[in-house]
>>> print(open('start_30.cif').read())   # mmCIF, C-alpha atoms and all ligand atoms
data_my_file
#
loop_
_atom_site.label_atom_id
_atom_site.label_comp_id
_atom_site.auth_asym_id
_atom_site.auth_seq_id
_atom_site.Cartn_x
_atom_site.Cartn_y
_atom_site.Cartn_z
CA MET A 1299 0.00 0.00 0.00
CA SER A 1300 1.33 3.44 -0.87
CA VAL A 1301 0.02 6.92 -1.59
CA LEU A 1302 0.94 6.55 -5.25
CA ALA A 1303 -2.23 4.95 -6.67
CA PRO A 1304 -3.11 7.25 -9.59
CA SER A 1305 -6.37 9.03 -8.96
CA HIS A 1306 -8.07 12.32 -8.35
CA PRO A 1307 -7.77 13.65 -4.83
CA LEU A 1308 -10.45 12.89 -2.30
CA GLY A 1309 -12.19 15.89 -0.83
CA ALA A 1310 -12.33 17.98 -4.01
CA PRO A 1311 -15.68 19.80 -3.97
CA ALA A 1312 -16.98 21.97 -6.79
CA GLY A 1313 -16.76 25.06 -4.59
CA ARG A 1314 -14.13 26.13 -2.09
CA LEU A 1315 -12.17 23.39 -0.32
CA ARG A 1316 -13.33 23.42 3.33
CA VAL A 1317 -10.22 23.02 5.46
CA ALA A 1318 -9.69 22.08 9.12
CA ILE A 1319 -6.25 22.99 10.51
CA LEU A 1320 -5.24 20.98 13.58
CA GLY A 1321 -2.36 22.76 15.30
CA CYS A 1322 -3.10 26.12 13.66
CA THR A 1323 -0.86 28.11 16.03
CA GLY A 1324 2.41 26.37 15.15
CA SER A 1325 4.91 26.90 12.37
CA ILE A 1326 3.03 24.75 9.83
CA GLY A 1327 -0.37 25.92 11.09
CA THR A 1328 0.35 29.63 10.72
CA GLN A 1329 1.90 29.11 7.28
CA ALA A 1330 -1.22 27.13 6.30
CA LEU A 1331 -3.35 30.08 7.42
CA ASP A 1332 -1.21 32.28 5.21
CA VAL A 1333 -1.93 29.98 2.24
CA CYS A 1334 -5.67 30.19 3.08
CA ARG A 1335 -5.37 34.00 3.24
CA GLN A 1336 -3.73 34.09 -0.20
CA HIS A 1337 -6.32 31.77 -1.75
CA ALA A 1338 -9.51 32.83 -0.01
CA ASP A 1339 -11.38 32.25 -3.27
CA ARG A 1340 -10.41 28.55 -3.21
CA LEU A 1341 -10.02 27.68 0.48
CA GLU A 1342 -12.44 28.14 3.36
CA VAL A 1343 -11.16 27.61 6.92
CA VAL A 1344 -13.95 25.87 8.85
CA ALA A 1345 -12.24 24.46 11.97
CA LEU A 1346 -9.06 25.19 13.96
CA THR A 1347 -7.33 23.73 16.99
CA ALA A 1348 -4.55 24.86 19.31
CA HIS A 1349 -3.09 23.24 22.40
CA ALA A 1350 -2.16 26.19 24.60
CA ARG A 1351 -1.85 29.39 22.56
CA THR A 1352 -5.51 30.38 22.89
CA ALA A 1353 -4.98 34.08 22.09
CA GLU A 1354 -3.52 33.14 18.68
CA LEU A 1355 -6.34 30.64 18.14
CA VAL A 1356 -8.95 33.28 18.86
CA ALA A 1357 -7.26 35.78 16.53
CA ALA A 1358 -7.31 33.22 13.69
CA ALA A 1359 -10.92 32.25 14.43
CA ARG A 1360 -11.93 35.90 14.23
CA GLU A 1361 -9.98 36.61 11.05
CA PHE A 1362 -11.37 33.60 9.20
CA GLY A 1363 -14.86 33.61 10.77
CA VAL A 1364 -14.44 29.97 11.80
CA ALA A 1365 -17.50 28.08 13.09
CA ARG A 1366 -15.70 25.61 15.40
CA VAL A 1367 -12.44 25.63 17.33
CA GLY A 1368 -10.79 23.19 19.72
CA VAL A 1369 -8.38 23.67 22.64
CA THR A 1370 -6.70 20.28 23.09
CA ASP A 1371 -5.02 21.07 26.44
CA PRO A 1372 -7.80 21.18 29.09
CA ALA A 1373 -5.53 23.32 31.30
CA HIS A 1374 -6.35 26.19 28.91
CA ALA A 1375 -10.14 25.69 28.96
CA HIS A 1376 -10.69 28.85 31.00
CA ASP A 1377 -8.16 31.16 29.36
CA ALA A 1378 -9.49 34.73 29.34
CA ALA A 1379 -8.66 34.98 25.62
CA LEU A 1380 -11.47 32.55 24.77
CA ALA A 1381 -14.05 35.16 25.80
CA ASP A 1382 -13.20 37.00 22.57
CA LEU A 1383 -14.25 34.14 20.29
CA PRO A 1384 -16.90 35.23 17.78
CA GLU A 1385 -20.41 34.64 19.12
CA HIS A 1386 -21.28 31.98 16.56
CA THR A 1387 -18.07 29.96 17.20
CA THR A 1388 -18.32 26.67 19.12
CA CYS A 1389 -15.32 25.74 21.29
CA LEU A 1390 -14.52 22.11 22.16
CA ILE A 1391 -12.05 21.31 24.96
CA GLY A 1392 -9.72 18.35 25.47
CA PRO A 1393 -7.57 15.97 23.38
CA ASP A 1394 -10.62 14.52 21.57
CA ALA A 1395 -11.50 17.95 20.17
CA ALA A 1396 -9.06 17.48 17.29
CA VAL A 1397 -10.66 14.18 16.24
CA GLU A 1398 -14.17 15.53 16.57
CA LEU A 1399 -13.48 18.68 14.54
CA ALA A 1400 -11.58 16.74 11.88
CA CYS A 1401 -14.49 14.39 11.29
CA ALA A 1402 -17.24 17.02 11.10
CA GLU A 1403 -19.45 16.77 8.04
CA ASP A 1404 -18.61 20.19 6.56
CA VAL A 1405 -14.83 19.45 6.35
CA ASP A 1406 -13.29 18.34 3.01
CA CYS A 1407 -9.60 18.38 3.95
CA VAL A 1408 -7.80 18.09 7.29
CA LEU A 1409 -4.28 19.43 7.75
CA VAL A 1410 -2.72 17.60 10.71
CA ALA A 1411 -0.09 20.09 11.89
CA ILE A 1412 -0.01 18.92 15.51
CA VAL A 1413 3.50 18.11 16.76
CA GLY A 1414 4.46 14.65 18.02
CA ALA A 1415 2.64 11.37 18.51
CA ALA A 1416 -0.32 13.43 19.77
CA GLY A 1417 -1.27 13.80 16.08
CA LEU A 1418 -1.79 10.07 15.49
CA ALA A 1419 -5.41 9.82 16.70
CA ALA A 1420 -6.58 12.61 14.39
CA SER A 1421 -4.72 11.20 11.36
CA ALA A 1422 -6.25 7.79 11.99
CA ALA A 1423 -9.72 9.29 12.42
CA VAL A 1424 -9.53 11.18 9.11
CA LEU A 1425 -8.65 7.94 7.32
CA GLU A 1426 -11.96 6.48 8.55
CA THR A 1427 -13.75 9.16 6.48
CA ASP A 1428 -13.55 10.13 2.80
CA LYS A 1429 -11.85 13.44 3.60
CA ARG A 1430 -8.43 14.40 2.34
CA LEU A 1431 -5.57 14.11 4.83
CA ALA A 1432 -2.87 16.75 4.31
CA LEU A 1433 -0.26 15.23 6.58
CA ALA A 1434 2.51 17.34 8.12
CA ASN A 1435 2.64 15.27 11.33
CA LYS A 1436 5.31 12.73 10.38
CA GLU A 1437 5.13 11.10 13.83
CA SER A 1438 1.67 9.69 12.87
CA LEU A 1439 3.31 7.50 10.25
CA VAL A 1440 6.47 6.73 12.20
CA VAL A 1441 4.41 5.43 15.12
CA GLY A 1442 1.30 4.13 13.38
CA GLY A 1443 2.24 3.65 9.71
CA ASP A 1444 1.41 -0.07 9.86
CA LEU A 1445 -2.14 0.79 10.96
CA LEU A 1446 -2.67 3.92 8.87
CA MET A 1447 -1.38 2.97 5.42
CA PRO A 1448 -3.79 0.06 4.79
CA ARG A 1449 -6.65 2.49 5.51
CA VAL A 1450 -5.56 5.13 2.95
CA ARG A 1451 -7.94 5.37 -0.01
CA PRO A 1452 -6.57 6.35 -3.44
CA GLY A 1453 -5.96 10.09 -3.57
CA GLN A 1454 -6.68 10.54 0.14
CA LEU A 1455 -3.28 11.27 1.70
CA ILE A 1456 -1.12 14.09 0.38
CA PRO A 1457 2.21 14.48 2.22
CA VAL A 1458 3.14 17.97 3.44
CA ASP A 1459 6.63 17.23 4.80
CA SER A 1460 8.72 18.95 2.12
CA GLU A 1461 10.84 15.92 1.17
CA HIS A 1462 7.82 13.66 0.93
CA ALA A 1463 5.85 16.23 -1.05
CA ALA A 1464 8.88 16.36 -3.36
CA ILE A 1465 9.12 12.57 -3.71
CA PHE A 1466 5.36 12.37 -4.31
CA GLN A 1467 5.78 14.84 -7.19
CA CYS A 1468 8.86 13.04 -8.60
CA TYR A 1469 6.67 9.92 -8.89
CA GLN A 1470 3.83 11.70 -10.74
CA GLY A 1471 3.32 10.21 -14.21
CA GLU A 1472 5.92 7.48 -13.60
CA SER A 1473 5.62 3.80 -12.84
CA ALA A 1474 6.58 3.23 -9.19
CA ALA A 1475 7.62 -0.32 -10.17
CA GLN A 1476 10.41 1.20 -12.29
CA ALA A 1477 11.83 3.29 -9.46
CA HIS A 1478 15.30 2.24 -8.33
CA ALA A 1479 15.90 4.43 -5.25
CA ILE A 1480 14.65 7.43 -3.34
CA TRP A 1481 17.24 10.10 -2.49
CA LEU A 1482 16.03 11.80 0.67
CA THR A 1483 17.80 15.12 1.06
CA CYS A 1484 18.93 16.55 4.40
CA SER A 1485 20.33 20.01 5.15
CA GLY A 1486 22.77 18.51 7.66
CA GLY A 1487 21.48 20.88 10.34
CA PRO A 1488 23.43 23.52 12.28
CA PHE A 1489 26.09 21.05 13.49
CA PHE A 1490 27.13 19.52 10.19
CA GLY A 1491 30.78 18.46 10.39
CA ARG A 1492 31.02 18.63 14.21
CA THR A 1493 32.60 15.87 16.27
CA ARG A 1494 30.78 13.91 18.96
CA GLU A 1495 32.78 15.74 21.60
CA GLU A 1496 31.77 19.13 20.20
CA LEU A 1497 28.14 18.01 20.05
CA SER A 1498 28.12 17.17 23.76
CA ARG A 1499 28.63 20.88 24.55
CA VAL A 1500 26.07 22.56 22.26
CA THR A 1501 23.35 24.68 23.89
CA PRO A 1502 19.60 24.77 23.14
CA ALA A 1503 20.02 28.26 21.63
CA GLU A 1504 22.67 26.98 19.20
CA ALA A 1505 20.56 23.94 18.32
CA LEU A 1506 17.50 26.12 17.70
CA ALA A 1507 19.32 28.15 15.01
CA HIS A 1508 18.59 26.05 11.93
CA PRO A 1509 20.49 27.18 8.82
CA THR A 1510 17.73 26.89 6.20
CA TRP A 1511 14.28 26.31 7.74
CA ASN A 1512 12.26 28.21 10.37
CA MET A 1513 10.25 25.57 12.27
CA GLY A 1514 8.76 24.63 15.67
CA ALA A 1515 11.19 23.88 18.52
CA LYS A 1516 10.81 20.08 18.54
CA ILE A 1517 11.47 19.54 14.83
CA THR A 1518 14.30 22.08 14.95
CA ILE A 1519 16.09 20.02 17.60
CA ASP A 1520 15.29 16.85 15.60
CA SER A 1521 16.92 18.55 12.60
CA ALA A 1522 20.05 19.25 14.66
CA THR A 1523 20.35 15.65 15.95
CA LEU A 1524 19.29 14.36 12.48
CA MET A 1525 16.52 12.38 14.18
CA ASN A 1526 14.25 14.35 11.85
CA LYS A 1527 15.86 12.63 8.87
CA GLY A 1528 15.61 9.26 10.59
CA LEU A 1529 11.90 9.87 11.22
CA GLU A 1530 11.49 10.98 7.61
CA ARG A 1531 13.10 7.83 6.28
CA ILE A 1532 10.53 5.77 8.18
CA GLU A 1533 7.79 8.15 7.00
CA ALA A 1534 8.89 7.63 3.37
CA MET A 1535 9.04 3.86 3.85
CA HIS A 1536 5.35 3.87 4.79
CA LEU A 1537 4.16 6.50 2.31
CA PHE A 1538 5.79 4.95 -0.74
CA GLY A 1539 5.58 1.29 0.27
CA VAL A 1540 9.34 0.60 0.07
CA ASP A 1541 12.05 -0.83 2.36
CA MET A 1542 14.46 1.32 4.36
CA GLU A 1543 17.33 0.32 2.01
CA PHE A 1544 15.46 1.83 -0.93
CA ILE A 1545 15.73 5.26 0.70
CA ARG A 1546 19.18 6.86 0.71
CA ILE A 1547 19.88 9.95 2.76
CA VAL A 1548 22.09 12.56 1.14
CA ILE A 1549 23.22 15.85 2.66
CA GLN A 1550 22.20 18.79 0.44
CA ARG A 1551 23.39 21.83 2.37
CA GLN A 1552 21.38 24.50 0.55
CA SER A 1553 17.97 22.75 1.03
CA LYS A 1554 17.10 23.60 -2.56
CA ILE A 1555 16.74 20.02 -3.78
CA HIS A 1556 13.85 18.73 -1.67
CA SER A 1557 14.40 15.08 -2.68
CA MET A 1558 14.81 12.89 -5.78
CA VAL A 1559 13.63 9.60 -7.27
CA GLU A 1560 16.06 7.54 -9.34
CA TYR A 1561 14.60 5.21 -11.98
CA ASP A 1562 15.80 1.91 -13.47
CA ASP A 1563 17.27 3.62 -16.56
CA GLY A 1564 19.54 5.80 -14.38
CA SER A 1565 17.43 8.93 -14.80
CA VAL A 1566 17.00 10.96 -11.63
CA ILE A 1567 14.00 13.25 -11.20
CA ALA A 1568 14.52 15.94 -8.57
CA HIS A 1569 12.17 18.48 -7.01
CA LEU A 1570 13.71 21.92 -6.47
CA GLY A 1571 12.37 25.17 -5.10
CA ALA A 1572 12.59 27.70 -2.31
CA SER A 1573 12.88 26.51 1.30
CA ASP A 1574 9.34 27.66 2.11
CA MET A 1575 6.81 25.29 3.65
CA ARG A 1576 3.91 27.25 2.17
CA ILE A 1577 4.71 25.54 -1.16
CA PRO A 1578 4.13 21.92 -0.02
CA ILE A 1579 1.25 22.95 2.28
CA GLN A 1580 -0.46 24.64 -0.65
CA TYR A 1581 0.18 21.69 -2.96
CA ALA A 1582 -1.62 19.38 -0.52
CA PHE A 1583 -4.65 21.67 -0.91
CA SER A 1584 -4.33 22.32 -4.67
CA TYR A 1585 -3.28 18.82 -5.81
CA PRO A 1586 -3.21 18.00 -8.68
CA ASP A 1587 -3.37 21.70 -9.65
CA ARG A 1588 -0.70 24.30 -8.99
CA TRP A 1589 -1.63 27.78 -7.76
CA SER A 1590 0.45 30.93 -7.61
CA THR A 1591 2.54 31.53 -4.48
CA PRO A 1592 3.96 34.53 -2.63
CA ALA A 1593 6.96 32.37 -1.62
CA PRO A 1594 10.31 33.56 -2.96
CA ARG A 1595 11.48 31.91 -6.17
CA VAL A 1596 14.90 30.40 -6.76
CA ASP A 1597 17.04 32.26 -9.29
CA PHE A 1598 19.43 29.56 -10.52
CA ARG A 1599 21.66 32.19 -12.09
CA THR A 1600 22.62 33.45 -8.64
CA LEU A 1601 22.23 30.26 -6.57
CA GLY A 1602 25.87 29.27 -6.98
CA SER A 1603 26.61 25.68 -6.07
CA LEU A 1604 24.62 22.72 -4.83
CA ASP A 1605 26.69 20.66 -2.39
CA PHE A 1606 26.21 17.00 -1.56
CA ALA A 1607 27.72 14.76 1.13
CA ALA A 1608 27.13 11.41 2.78
CA PRO A 1609 25.53 11.52 6.23
CA ASP A 1610 27.60 10.63 9.29
CA ALA A 1611 25.53 8.12 11.30
CA GLU A 1612 28.35 7.52 13.78
CA THR A 1613 28.40 11.10 15.01
CA PHE A 1614 24.68 11.66 14.51
CA ARG A 1615 23.57 8.47 16.27
CA CYS A 1616 19.87 9.17 15.79
CA LEU A 1617 20.26 8.23 12.11
CA ALA A 1618 21.50 4.77 13.09
CA LEU A 1619 18.79 4.36 15.72
CA ALA A 1620 16.07 5.28 13.23
CA GLU A 1621 17.54 2.83 10.74
CA GLN A 1622 17.36 0.09 13.38
CA ALA A 1623 13.77 1.07 14.26
CA GLY A 1624 12.71 1.20 10.60
CA ARG A 1625 14.22 -2.19 9.80
CA THR A 1626 12.82 -3.86 12.94
CA ARG A 1627 9.41 -2.15 12.65
CA GLY A 1628 6.62 -3.30 15.01
CA THR A 1629 6.45 -1.15 18.14
CA LEU A 1630 10.12 -0.10 18.07
CA PRO A 1631 9.58 3.15 16.08
CA CYS A 1632 6.86 4.10 18.61
CA VAL A 1633 9.35 3.67 21.48
CA MET A 1634 12.05 5.57 19.62
CA ASN A 1635 9.69 8.45 18.89
CA ALA A 1636 8.28 8.74 22.41
CA ALA A 1637 11.72 8.56 24.05
CA ASN A 1638 12.94 11.18 21.60
CA GLU A 1639 10.05 13.53 22.44
CA VAL A 1640 10.88 13.26 26.15
CA ALA A 1641 14.63 13.69 25.63
CA VAL A 1642 14.19 16.68 23.30
CA SER A 1643 11.94 18.41 25.88
CA ALA A 1644 14.55 17.71 28.57
CA PHE A 1645 17.32 19.15 26.40
CA LEU A 1646 15.26 22.28 25.69
CA ALA A 1647 14.61 22.66 29.43
CA GLY A 1648 18.35 22.42 30.16
CA ALA A 1649 17.91 19.08 31.93
CA CYS A 1650 20.24 17.02 29.71
CA SER A 1651 22.97 17.48 27.13
CA PHE A 1652 22.55 17.30 23.36
CA THR A 1653 24.24 13.88 23.14
CA ASP A 1654 22.07 12.58 26.01
CA ILE A 1655 19.17 12.70 23.53
CA ASP A 1656 20.39 9.77 21.43
CA ALA A 1657 21.74 7.98 24.54
CA ILE A 1658 18.29 8.04 26.20
CA VAL A 1659 16.55 6.98 22.98
CA GLU A 1660 18.96 4.07 22.53
CA ARG A 1661 18.55 2.84 26.10
CA CYS A 1662 14.75 2.94 25.82
CA MET A 1663 14.87 1.02 22.54
CA ASP A 1664 17.18 -1.58 24.11
CA ALA A 1665 14.81 -1.99 27.07
CA HIS A 1666 11.76 -2.66 24.86
CA THR A 1667 10.41 -6.03 23.76
CA VAL A 1668 9.14 -5.45 20.23
CA GLU A 1669 5.62 -6.57 19.28
CA PRO A 1670 3.79 -6.35 15.96
CA VAL A 1671 1.55 -3.26 15.74
CA GLN A 1672 -2.06 -4.22 16.45
CA SER A 1673 -4.09 -1.22 17.54
CA LEU A 1674 -4.05 2.45 18.48
CA GLU A 1675 -4.67 1.44 22.12
CA GLN A 1676 -1.58 -0.80 22.10
CA LEU A 1677 0.49 2.05 20.61
CA ALA A 1678 -0.80 4.45 23.29
CA ASP A 1679 0.34 1.97 25.98
CA VAL A 1680 3.78 1.48 24.38
CA ASP A 1681 4.14 5.26 23.96
CA ALA A 1682 3.29 5.81 27.65
CA TRP A 1683 5.74 3.09 28.72
CA ALA A 1684 8.54 4.66 26.65
CA ARG A 1685 7.85 8.13 28.10
CA ARG A 1686 7.92 6.80 31.67
CA THR A 1687 11.11 4.84 30.95
CA ALA A 1688 12.84 7.86 29.39
CA GLU A 1689 11.81 10.08 32.31
CA HIS A 1690 13.17 7.57 34.84
CA MET A 1691 16.45 7.40 32.94
CA LEU A 1692 16.70 11.19 32.89
CA ALA A 1693 15.91 11.43 36.60
CA ALA A 1694 18.46 8.73 37.48
CA ARG A 1695 21.34 10.49 35.74
P1 LIG A 1701 4.97 23.69 16.32
O1 LIG A 1701 5.51 23.31 17.63
O2 LIG A 1701 5.35 25.00 15.75
O3 LIG A 1701 3.36 23.65 16.40
C1 LIG A 1701 2.71 22.54 16.92
C2 LIG A 1701 1.20 22.74 16.92
O4 LIG A 1701 0.59 21.61 17.57
C3 LIG A 1701 0.73 23.96 17.67
O5 LIG A 1701 -0.45 24.44 17.09
C4 LIG A 1701 0.45 23.42 19.07
O6 LIG A 1701 -0.49 24.19 19.79
C5 LIG A 1701 -0.11 22.07 18.74
N1 LIG A 1701 0.13 21.06 19.78
C6 LIG A 1701 1.22 20.93 20.58
N2 LIG A 1701 1.09 19.86 21.40
C7 LIG A 1701 -0.12 19.32 21.11
C8 LIG A 1701 -0.83 18.21 21.63
N3 LIG A 1701 -0.33 17.43 22.62
N4 LIG A 1701 -2.05 17.92 21.11
C9 LIG A 1701 -2.57 18.69 20.13
N5 LIG A 1701 -1.95 19.76 19.60
C10 LIG A 1701 -0.72 20.06 20.08
O7 LIG A 1701 5.30 22.50 15.33
P2 LIG A 1701 5.56 22.57 13.75
O8 LIG A 1701 4.48 23.37 13.10
O9 LIG A 1701 6.96 22.89 13.49
O10 LIG A 1701 5.37 21.02 13.35
C11 LIG A 1701 4.10 20.40 13.28
C12 LIG A 1701 4.26 19.04 12.63
O11 LIG A 1701 4.66 19.23 11.26
C13 LIG A 1701 5.34 18.16 13.28
O12 LIG A 1701 4.94 16.82 13.24
C14 LIG A 1701 6.55 18.36 12.37
O13 LIG A 1701 7.41 17.24 12.37
C15 LIG A 1701 5.88 18.53 11.02
N6 LIG A 1701 6.67 19.30 10.06
C16 LIG A 1701 7.00 20.59 10.35
C17 LIG A 1701 7.76 21.35 9.46
C18 LIG A 1701 8.06 22.78 9.71
O14 LIG A 1701 8.63 23.44 8.84
N7 LIG A 1701 7.73 23.33 10.86
C19 LIG A 1701 8.27 20.74 8.21
C20 LIG A 1701 7.83 19.38 8.00
C21 LIG A 1701 7.07 18.71 8.90
P3 LIG A 1701 0.02 25.47 20.69
O15 LIG A 1701 0.75 26.37 19.75
O16 LIG A 1701 -1.27 26.06 21.16
O17 LIG A 1701 0.87 24.91 21.77
MG MG A 1702 11.03 17.46 6.13
#
>>> encode(input="start_30.cif", output="structure tokens", more="lines below")
Ligand code: NDP
Ligand code: MG
Amino acid sequence: MSVLAPSHPLGAPAGRLRVAILGCTGSIGTQALDVCRQHADRLEVVALTAHARTAELVAAAREFGVARVGVTDPAHAHDAALADLPEHTTCLIGPDAAVELACAEDVDCVLVAIVGAAGLAASAAVLETDKRLALANKESLVVGGDLLMPRVRPGQLIPVDSEHAAIFQCYQGESAAQAHAIWLTCSGGPFFGRTREELSRVTPAEALAHPTWNMGAKITIDSATLMNKGLERIEAMHLFGVDMEFIRIVIQRQSKIHSMVEYDDGSVIAHLGASDMRIPIQYAFSYPDRWSTPAPRVDFRTLGSLDFAAPDAETFRCLALAEQAGRTRGTLPCVMNAANEVAVSAFLAGACSFTDIDAIVERCMDAHTVEPVQSLEQLADVDAWARRTAEHMLAAR
């Protein structure tokens, strides 16, 4: 099963596409709102969620005249900001709000822009409907790809992660059976070329300064450890129905080549463009059409060089751990992801070093007895176990 079955997209009404944005206050969410602003004649925002930033949620609900919003963190149920919601707007509270809003009848397309494994339930719920799933939340597939992919209907899932959007486009009009390899590009992050010893001393502020992309804190740290690329390799494995070995990571420092597909005859089709997430977000809404964009364009006359390098999985251990998780499959990627979420939060809070992140993830993976993936409930239990285990390890240091 892959997303490549040729077909028209699901959720393509005659009028405006009615969009729900889950995680509208984050980096992807706010850029998605910008796309909706630019294409108000084609896109109608009908539902929004946020976890904690209720003032931003209310501002977006007012601007777009949204009928329903959700606040997924109940601790923010009584935020004063919510009093300023438009009178006609309904507000749901709690983690189930995202699922409920996503499945509402008047929604054609759901953008899951929640961060972390918390996005899995909503992604799974959308796949029970005939709505389009514009998927930014890579953790959904890393953790639950074995459950989600068999449920995807032709034309239902359009990847938003820039590399996967690129690969999806490099496959358009081609026979997937004649593909030889996927080249998954990676910027290398802010610490490209550093030694392990140097990495052990980097600060959260240094790790948050990504050279080419402006993203939420968790994915920015994942991009510095290269766990992001490990997660993306597993994401690509599920999306395109291939083995881990089929997907080769290559460092492309300028982030101008967003990924490539190599075919049996040696031809390589690459996707290039500006490093601007509004382009893949918009494509998930416009597919198979292409709309104009306010994103900057690449002028190849002034771009200079495109550099390539092999990744260093010995220094950036997360790459090796993700390879192990992706080859083993079952519940191991769920454990890796949950332990990583805990370790990244600890690093950002100053509670552990940068190299402790992969150490904690590795120890949690080693402590886990892998099972085949059976249900969302099982994955929730495994996720909770991995978080507890990672927290104990951090506390015992
Ligand atoms: P951000 O941290 O910027 O935003 C996360 C969003 O999710 C916010 O709206 C936040 O609400 C909400 N949220 C946080 N925790 C929860 C929770 N437990 N339950 C429900 N909602 C929650 O993240 P990004 O936008 O950077 O990333 C979102 C997803 O997209 C990630 O999976 C990431 O890997 C993926 N992605 C991101 C890219 C990027 O350029 N940023 C590129 C490719 C993929 P609040 O703000 O109220 O706390
Ligand atoms: Mg990406």
>>> atom_distance(input="start_30.cif", atom1="atom CA of A:Ser1438", atom2="atom CA of A:Trp1511")
21.5 Å
>>> residues_near_ligand(input="start_30.cif", ligand="ligand MG 1702 (chain A)", cutoff="10 Å", atoms="all atoms listed in the file", output="list in words")
Ala1434, Lys1436, Val1458, Asp1459, Ser1460, Glu1461, His1462, Ala1463, Ala1464, Leu1482, Thr1483, Cys1484, Ser1485, Trp1511, Ile1517, Ser1521, Asn1526, Lys1527, Leu1529, Glu1530, Arg1531, Glu1533, His1556, Ser1557 and Met1575 of chain A
>>> atom_distance(input="start_30.cif", atom1="atom CA of A:Arg1492", atom2="atom CA of A:Gly1528")
18.4 Å
>>> residues_near_point(input="start_30.cif", point="(5.2, 3.0, -15.3)", cutoff="12 Å", atoms="only C-alpha atoms", output="list of chain:residue names")
A:Leu1302, A:Ala1303, A:Pro1304, A:Tyr1469, A:Gln1470, A:Gly1471, A:Glu1472, A:Ser1473, A:Ala1474, A:Ala1475, A:Gln1476, A:Ala1477, A:Tyr1561, A:Asp1562
>>> residues_around(input="start_30.cif", residues="A:Trp1683", least_positions_apart="6", cutoff="12 Å", atoms="only C-alpha atoms", output="ChimeraX atom specification")
/A:1629-1630,1632-1637,1640,1662-1663,1665-1667,1676-1677,1689-1690
>>> residues_around(input="start_30.cif", residues="stretch 1345-1348 of chain A", least_positions_apart="6", cutoff="6 Å", atoms="all atoms listed in the file", output="PyMOL selection string")
chain A and resi 1318-1323+1364+1366-1369
>>> write_last_selection(input="start_30.cif", atoms="C-alpha atoms", output="compact mmCIF listing (two decimals), keeping the file's coordinate frame")
# COMPACT_ATOMS: atom_id res chain seq x y z
CA ALA A 1318 -9.69 22.08 9.12
CA ILE A 1319 -6.25 22.99 10.51
CA LEU A 1320 -5.24 20.98 13.58
CA GLY A 1321 -2.36 22.76 15.30
CA CYS A 1322 -3.10 26.12 13.66
CA THR A 1323 -0.86 28.11 16.03
CA VAL A 1364 -14.44 29.97 11.80
CA ARG A 1366 -15.70 25.61 15.40
CA VAL A 1367 -12.44 25.63 17.33
CA GLY A 1368 -10.79 23.19 19.72
CA VAL A 1369 -8.38 23.67 22.64
>>> closest_residue(input="start_30.cif", among="A:Asn1512, A:Ser1553, A:Thr1328, A:Thr1370", to="A:His1569", atoms="all atoms listed in the file")
A:Ser1553
>>> residues_around(input="start_30.cif", residues="A:Thr1591", least_positions_apart="4", cutoff="10 Å", atoms="only C-alpha atoms", output="number ranges by chain")
A: 1333, 1336-1337, 1576-1577, 1580, 1595
>>> residues_around(input="start_30.cif", residues="A:Cys1650", least_positions_apart="6", cutoff="12 Å", atoms="all atoms listed in the file", output="PyMOL selection string")
chain A and resi 1498-1502+1640-1644+1656-1658+1688-1689+1691-1695
